[in-house]
Amino acid sequence: MLTRTTALTAALLISAWPALAQDATTETPAEAPASETTEAPAAEAAAPEGEAQPSDAVPGEMASMIAELTGPEGESFGTVTVAPTPSGVMLATITLEGVPEGIHGIHFHETGTCTTPDFESAGGHIAGDHEHGVMAEGGAHPGDMPNVHVPADGALTVEYFVHGLTADMLSDDDGAAVILHAQPDDYSGQPSGNAGPRLACGTVSATE
Ligand SMILES: [Cu+2]
């Protein structure tokens, strides 16, 4: 019913607009006619599609983002997607491949720049004025996540709820990055949990 009404309304608008445009051209003197008549049809054609999109979307649903984890030699270590949810808690899905067996820290870092070989360009954690780690008083960073326990075949998929992380933090002027570390995060050491060297880095960007 709703979509049908919308379609009818759109159709009425389309049929009404040329008349309005003609009125405009007759009322306004010499300056406008060319631009009015050439631009108006394009705007009408785009309107119905533009109106249909919001009604298809789930209320509160926002665009997800993705980081492709890459090592210093360009090797792929998998992907991390992060999606805002209606509850306000971010949902991160980590899909790893080819990662050395063991326990690794993984965090959202504050700068979306992955310069080899050490990825120090990604800066520190997205900290949000908090201490690092769930074991620290005043923790944790919005960019903190639990360690990943990677099995011998190097592949692992986990989903994490990431509290305190917002889309604005990930898409600020200098972006954000996901860093996979060589060592486990101890969840208490400042400022980054003693997670060691940066094995892989991925800049966070909007999914297509
Ligand atoms: Cu880190």
# chains A, B, ... in the order shown; residues from 1 in each chain; ligands from 1
>>> residues_near_ligand(ligand="ligand 1", cutoff="7 Å", atoms="only C-alpha atoms and all ligand atoms", output="PDB file with N, CA and C atoms, in the first residue's frame")
ATOM      1  N   GLY A 105      47.188  -9.717  19.806  1.00  0.00           N
ATOM      2  CA  GLY A 105      46.380  -8.538  20.060  1.00  0.00           C
ATOM      3  C   GLY A 105      45.866  -7.967  18.756  1.00  0.00           C
ATOM      4  N   ILE A 106      44.680  -7.381  18.790  1.00  0.00           N
ATOM      5  CA  ILE A 106      44.112  -6.734  17.599  1.00  0.00           C
ATOM      6  C   ILE A 106      43.290  -5.538  18.078  1.00  0.00           C
ATOM      7  N   HIS A 107      43.547  -4.389  17.485  1.00  0.00           N
ATOM      8  CA  HIS A 107      42.923  -3.144  17.955  1.00  0.00           C
ATOM      9  C   HIS A 107      42.588  -2.218  16.792  1.00  0.00           C
ATOM     10  N   PHE A 108      41.697  -1.267  17.102  1.00  0.00           N
ATOM     11  CA  PHE A 108      41.489  -0.134  16.197  1.00  0.00           C
ATOM     12  C   PHE A 108      42.460   0.975  16.606  1.00  0.00           C
ATOM     13  N   HIS A 109      43.282   1.396  15.656  1.00  0.00           N
ATOM     14  CA  HIS A 109      44.258   2.462  15.914  1.00  0.00           C
ATOM     15  C   HIS A 109      43.779   3.769  15.288  1.00  0.00           C
ATOM     16  N   GLY A 124      48.675   5.335  17.916  1.00  0.00           N
ATOM     17  CA  GLY A 124      48.217   4.546  19.057  1.00  0.00           C
ATOM     18  C   GLY A 124      46.784   4.097  18.887  1.00  0.00           C
ATOM     19  N   HIS A 125      46.262   3.510  19.917  1.00  0.00           N
ATOM     20  CA  HIS A 125      44.875   3.052  19.890  1.00  0.00           C
ATOM     21  C   HIS A 125      43.900   4.217  19.812  1.00  0.00           C
ATOM     22  N   ILE A 179      45.045  -2.868  13.548  1.00  0.00           N
ATOM     23  CA  ILE A 179      46.395  -3.444  13.651  1.00  0.00           C
ATOM     24  C   ILE A 179      46.302  -4.821  14.301  1.00  0.00           C
ATOM     25  N   LEU A 180      46.948  -5.801  13.648  1.00  0.00           N
ATOM     26  CA  LEU A 180      47.112  -7.138  14.221  1.00  0.00           C
ATOM     27  C   LEU A 180      48.544  -7.242  14.742  1.00  0.00           C
ATOM     28  N   HIS A 181      48.691  -7.585  16.018  1.00  0.00           N
ATOM     29  CA  HIS A 181      50.009  -7.600  16.657  1.00  0.00           C
ATOM     30  C   HIS A 181      50.612  -9.006  16.703  1.00  0.00           C
ATOM     31  N   SER A 192      49.319   0.257  25.377  1.00  0.00           N
ATOM     32  CA  SER A 192      48.786  -0.621  24.324  1.00  0.00           C
ATOM     33  C   SER A 192      48.871  -2.104  24.655  1.00  0.00           C
ATOM     34  N   ALA A 195      51.522  -5.581  23.264  1.00  0.00           N
ATOM     35  CA  ALA A 195      51.174  -6.563  22.234  1.00  0.00           C
ATOM     36  C   ALA A 195      52.244  -6.717  21.171  1.00  0.00           C
TER      37      ALA A 195
END
>>> closest_residue(among="A:Cys114, A:Leu69, A:Gly123, A:His163", to="Gly139 of chain A", atoms="only C-alpha atoms")
A:His163
>>> residues_around(residues="Val99 of chain A", least_positions_apart="2", cutoff="7 Å", atoms="only C-alpha atoms", output="PyMOL selection string")
chain A and resi 77+96-97+101+154-155
>>> closest_residue(among="A:Pro100, A:Gly202, A:Pro191, A:Pro86", to="Ala140 of chain A", atoms="only C-alpha atoms")
A:Pro191
>>> closest_residue(among="A:Thr207, A:Ala167, A:Glu137, A:Leu199", to="Pro72 of chain A", atoms="only C-alpha atoms")
A:Leu199
>>> atom_distance(atom1="atom CA of Ser76 of chain A", atom2="atom CA of Gln190 of chain A")
28.8 Å
>>> atom_distance(atom1="atom CA of Val204 of chain A", atom2="atom CA of Gly175 of chain A")
6.9 Å
>>> residues_around(residues="segment 148-153 of chain A", least_positions_apart="5", cutoff="6 Å", atoms="only C-alpha atoms", output="PyMOL selection string")
chain A and resi 101-104
>>> write_last_selection(atoms="C-alpha atoms", output="PDB file, in the first residue's frame")
ATOM      1  CA  GLU A 101      49.620 -19.630  15.026  1.00  0.00           C
ATOM      2  CA  GLY A 102      49.246 -18.126  18.466  1.00  0.00           C
ATOM      3  CA  ILE A 103      47.563 -15.394  20.474  1.00  0.00           C
ATOM      4  CA  HIS A 104      47.550 -11.940  18.933  1.00  0.00           C
TER       5      HIS A 104
END
>>> select_by_dssp(residues="segment 48-170 of chain A", states="helix (DSSP H, G or I)", output="count of residues only")
16
